[in-house]
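Student: One structure, pasted below without further comment.
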Amino acid sequence: MSSPTSLILLLCSLSLYIFLVAARNEFVVETSEDNYHTLRLTSLFPSSICNPSNKGDKKRGSLEVVHKHGPCSKFNKDIVKPLTIEEIITQDQSRVNSLRAKLTTNTSKQETLDSKTTLPAKSGSTLGSGNYIVTVGFGTPKKDLTLIFDTGSDLTWIQCQPCAGECYNQQEPIFDPSMSTTYTNISCTSTECSGLASATRNRPRCISSTCVYSIGYGDGSFTIGFFGKEKLTLSSKDVVDNFYFGCGQDNEGLFRGFAGLLGLGQDKLSIVSQAANKYGKVFSYCLPTSSSTGYLTFGNSGTSSKVKYTPFTTIGGSLYGLELVSIYVGGTKVPISPTVFKTSGMIIDSGTVITRLPHTAYSALRDAFRAQMAEYPLTIPLAIFDTCYDFSNYQTVRVPKIGVLWGKNTYVDVPLSGIFIAFDISQVCLAFAGNDDDNHIGIWGNTQQKTMAVVYNLGARKIGFASGGCA
């Protein structure tokens, strides 16, 4: 029989063991000046001069990415006019609504049709007003077209002649499949046509034995057209033959300027899956600030060793789901119950501009941020932004870092460019928003991803983050 002294020692040892296990599993950020940024307020406003990055431009399978309304964009400003604040917020909310609908419904849209490569990334307008764009080549001979790239979509589509329904204004000439020696329509009876149902959330139709696709978006925009295959050129050394895509004949809504969309989802018809033999189901991007350039790269070449990975899940058929564990402000963990994030879930999306958090989580983040920014004057809210500051009397501001802990203990700081959205020096707002309730899906938006390398490895089921991705 154990003595009282032995029992006490045993209990003490057990308590110490429990404490050590808890400490090991609890992520701790040490509080120091390293947990704050010094923000020069002039950096909040985009330059009128393009400052291109050379990151990614020499890699195999790489495209240049730019912001649609920035000085690096080639878009004619008469075709693609800058959006007002109201338009940005309205279109971003439409994007959020569209993603929510993708998770809950399979609603058929109207159908009006009768008889390893790196691309540079730029930022576009509708389908989420902060979408980013790349230029690729379609057909033989090759015709360069500017597309939005979108992790929330699967099927790639472009506008095509003869525009049997309606085509909107775009920067380049509309693609004419009859002028390409490598274009082929897809038969209604093919297995690829049947696969459209999962890629578009709509049943395919058939016109004169040709497969017809349709895709609808949350703002009421839609595209309908023939399902075809074609030669896709990413660079002189990177070609995807027999690439399946939508050749849009009726494209209506808020689309302007760009020629179509490049789908980066998980479905078998996404470019990621179709080019898997060449690039191994790996792609990465860096979304630039509006006055610089980034990249979209297919394949694993040049991936930084500094990338921190977290597992992803599949949500809604092809969206990329992440496990958000906790949020830190200035090195201090924000008191949010873990059940809040488990209830809502979280996806990462290249097309949503502003990160949406569960209402409870956002409220806690806002309160913690305000407390550490108490020396600066708040001003009136704007649209979905309820924490805005008047920095008129300052040249620099001390800003607490915002960090997130993803699944598998992966801690990542939000870049400084992802903390604020500035409408004027007298109205600089915290660039996060809360959902109406805790049941709506959370969305990690592109403002919080800017300037980071974001790596998607579909084979290993993981997504990675590294700072300074575009530099």
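Ordering of the structure tokens sets the chain letters (A, B, ...), residue numbers begin anew at 1 in every chain, and ligands are numbered from 1 in the order given.
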Check range 34-276 of chain A with DSSP on the backbone and list each residue it calls alpha helix (DSSP H), as a PyMOL selection string.
Tutor: chain A and resi 85-104+191-194+196-200+271-274+276
Student: Do you have, as a tab-separated table, the list of residues of range 449-471 of chain A lying at most 10 Å from range 345-356 of chain A, each with its nearest atom pair and that distance in Å to one decimal, counting only C-alpha atoms and ordered by chain then number?
Tutor:
```
residue	atom	partner	partner_atom	distance
A:Gln449	CA	A:Ser350	CA	8.3
A:Lys450	CA	A:Ser350	CA	9.9
A:Ile463	CA	A:Ile348	CA	9.6
```
Student: Generate a file of the selected residues that holds all heavy atoms, formatted as a short mmCIF file (atom, residue, chain, number, x, y, z; two decimals), in the first residue's frame.
Tutor:
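Result saved to again20.cif:
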```cif
data_model
loop_
_atom_site.label_atom_id
_atom_site.label_comp_id
_atom_site.auth_asym_id
_atom_site.auth_seq_id
_atom_site.Cartn_x
_atom_site.Cartn_y
_atom_site.Cartn_z
N GLN A 449 -4.54 37.96 -48.06
CA GLN A 449 -3.54 37.11 -48.72
C GLN A 449 -2.50 37.91 -49.48
O GLN A 449 -1.46 37.36 -49.87
CB GLN A 449 -4.23 36.15 -49.70
CG GLN A 449 -5.24 35.20 -49.07
CD GLN A 449 -5.94 34.37 -50.12
OE1 GLN A 449 -5.33 33.71 -50.97
NE2 GLN A 449 -7.27 34.40 -50.10
N LYS A 450 -2.76 39.19 -49.72
CA LYS A 450 -1.88 40.00 -50.57
C LYS A 450 -0.44 39.97 -50.10
O LYS A 450 -0.17 40.04 -48.89
CB LYS A 450 -2.37 41.46 -50.61
CG LYS A 450 -3.47 41.69 -51.60
CD LYS A 450 -3.76 43.16 -51.82
CE LYS A 450 -4.19 43.90 -50.59
NZ LYS A 450 -4.64 45.27 -50.90
N ILE A 463 -2.27 23.37 -47.78
CA ILE A 463 -2.08 24.72 -48.30
C ILE A 463 -1.02 25.40 -47.45
O ILE A 463 -1.03 25.29 -46.21
CB ILE A 463 -3.39 25.53 -48.28
CG1 ILE A 463 -4.38 24.94 -49.29
CG2 ILE A 463 -3.16 27.00 -48.57
CD1 ILE A 463 -5.76 25.58 -49.26
#
```
Student: Restricting the calculation to only C-alpha atoms: of A:Lys268, A:Lys401, A:Lys333, A:Arg95, which residue gets closest to Ser194 in chain A?
Tutor: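 Smallest distance to Ser194 in chain A is found for A:Lys268.
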Student: Got a sec: who's within 10 Å of Ser270 in chain A, counting only C-alpha atoms, leaving out chain neighbours fewer than 3 positions off, as a list in words?
Tutor: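 Close residues of Ser270 in chain A: Thr151, Ser153, Asp154, Leu155, Thr156, Ala199, Phe243, Tyr244, Phe245, Leu262, Gly263, Leu264, Gly265, Gln266, Asp267, Ser273, Gln274, Ala275, Ala276 and Ser318 of chain A.
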Student: Could you write out the selected residues, including N, CA and C atoms, as an mmCIF file, in the first residue's frame?
Tutor:
```cif
data_model
loop_
_atom_site.group_PDB
_atom_site.id
_atom_site.type_symbol
_atom_site.label_atom_id
_atom_site.label_comp_id
_atom_site.auth_asym_id
_atom_site.auth_seq_id
_atom_site.Cartn_x
_atom_site.Cartn_y
_atom_site.Cartn_z
ATOM 1 N N THR A 151 -10.100 30.498 -57.381
ATOM 2 C CA THR A 151 -10.069 29.238 -56.640
ATOM 3 C C THR A 151 -11.464 28.749 -56.280
ATOM 4 N N SER A 153 -13.966 28.534 -58.448
ATOM 5 C CA SER A 153 -14.617 28.018 -59.654
ATOM 6 C C SER A 153 -13.807 26.863 -60.223
ATOM 7 N N ASP A 154 -14.460 26.058 -61.041
ATOM 8 C CA ASP A 154 -13.803 24.887 -61.630
ATOM 9 C C ASP A 154 -13.641 25.004 -63.139
ATOM 10 N N LEU A 155 -14.733 25.212 -63.855
ATOM 11 C CA LEU A 155 -14.672 25.242 -65.314
ATOM 12 C C LEU A 155 -14.102 26.571 -65.803
ATOM 13 N N THR A 156 -13.101 26.503 -66.660
ATOM 14 C CA THR A 156 -12.589 27.689 -67.343
ATOM 15 C C THR A 156 -13.522 28.015 -68.503
ATOM 16 N N ALA A 199 -18.900 20.368 -62.091
ATOM 17 C CA ALA A 199 -18.032 21.533 -62.269
ATOM 18 C C ALA A 199 -18.798 22.847 -62.296
ATOM 19 N N PHE A 243 -7.468 20.866 -73.887
ATOM 20 C CA PHE A 243 -7.957 21.472 -72.654
ATOM 21 C C PHE A 243 -9.462 21.723 -72.771
ATOM 22 N N TYR A 244 -10.232 21.150 -71.832
ATOM 23 C CA TYR A 244 -11.690 21.302 -71.851
ATOM 24 C C TYR A 244 -12.099 22.627 -71.208
ATOM 25 N N PHE A 245 -13.018 23.355 -71.882
ATOM 26 C CA PHE A 245 -13.413 24.683 -71.391
ATOM 27 C C PHE A 245 -14.771 25.061 -71.960
ATOM 28 N N LEU A 262 -10.494 31.580 -65.313
ATOM 29 C CA LEU A 262 -9.632 30.402 -65.206
ATOM 30 C C LEU A 262 -9.943 29.703 -63.880
ATOM 31 N N GLY A 263 -10.517 28.505 -63.949
ATOM 32 C CA GLY A 263 -10.982 27.804 -62.752
ATOM 33 C C GLY A 263 -9.893 27.010 -62.069
ATOM 34 N N LEU A 264 -9.645 27.308 -60.778
ATOM 35 C CA LEU A 264 -8.585 26.664 -60.000
ATOM 36 C C LEU A 264 -9.127 25.788 -58.865
ATOM 37 N N GLY A 265 -10.394 25.361 -58.989
ATOM 38 C CA GLY A 265 -10.985 24.520 -57.959
ATOM 39 C C GLY A 265 -10.469 23.086 -58.012
ATOM 40 N N GLN A 266 -11.132 22.200 -57.280
ATOM 41 C CA GLN A 266 -10.660 20.820 -57.142
ATOM 42 C C GLN A 266 -11.335 19.834 -58.084
ATOM 43 N N ASP A 267 -12.334 20.288 -58.843
ATOM 44 C CA ASP A 267 -13.059 19.382 -59.731
ATOM 45 C C ASP A 267 -12.144 18.865 -60.847
ATOM 46 N N SER A 273 -6.615 20.052 -62.270
ATOM 47 C CA SER A 273 -6.772 18.614 -62.517
ATOM 48 C C SER A 273 -6.404 18.244 -63.949
ATOM 49 N N GLN A 274 -6.815 19.074 -64.925
ATOM 50 C CA GLN A 274 -6.534 18.752 -66.323
ATOM 51 C C GLN A 274 -5.038 18.766 -66.631
ATOM 52 N N ALA A 275 -4.283 19.610 -65.913
ATOM 53 C CA ALA A 275 -2.839 19.708 -66.154
ATOM 54 C C ALA A 275 -2.033 18.932 -65.118
ATOM 55 N N ALA A 276 -2.687 18.006 -64.404
ATOM 56 C CA ALA A 276 -2.029 17.291 -63.303
ATOM 57 C C ALA A 276 -0.819 16.489 -63.767
ATOM 58 N N SER A 318 -15.810 21.439 -54.211
ATOM 59 C CA SER A 318 -14.487 21.768 -54.744
ATOM 60 C C SER A 318 -13.833 22.972 -54.080
#
```
Student: Distance CA of Gly165 in chain A-CA of Lys231 in chain A, one decimal place?
Tutor: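 It comes out at 24.7 Å.
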Student: Which residue, A:Tyr376, A:Phe391, A:Trp406, A:Tyr411, has the smallest gap to Thr42 in chain A when you use only C-alpha atoms?
Tutor: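 Comparing A:Tyr376, A:Phe391, A:Trp406, A:Tyr411 against Thr42 in chain A, the winner is A:Phe391.
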Student: Counting only C-alpha atoms, figure out which residue out of A:Ala368, A:Val340, A:Val307, A:Val282 gets nearest to Leu458 in chain A.
Tutor: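 Closest to Leu458 in chain A of all the choices is A:Val282.
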Student: Can you check which residues of range 421-460 of chain A DSSP gives as strand (DSSP E) on the backbone and send them as a list in words?
Tutor: Ile421, Ala422, Phe423, Asp424, Gln427, Val428, Cys429, Leu430, Phe432, Ala433, Gly434, Gly442, Ile443, Trp444, Ala453, Val454, Val455, Tyr456 and Asn457 of chain A
Student: With only C-alpha atoms as the basis for distance, which of A:Ser363, A:Gln93, A:Thr293, A:Thr447 is at the shortest distance from Gly434 in chain A?
Tutor: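 Closest residue, counting only C-alpha atoms: A:Ser363.
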Student: For range 311-316 of chain A, find every residue with an atom within 6 Å (counting only C-alpha atoms), except residues of its own chain fewer than 3 positions away, and show them as a count of residues only.
Tutor: 7
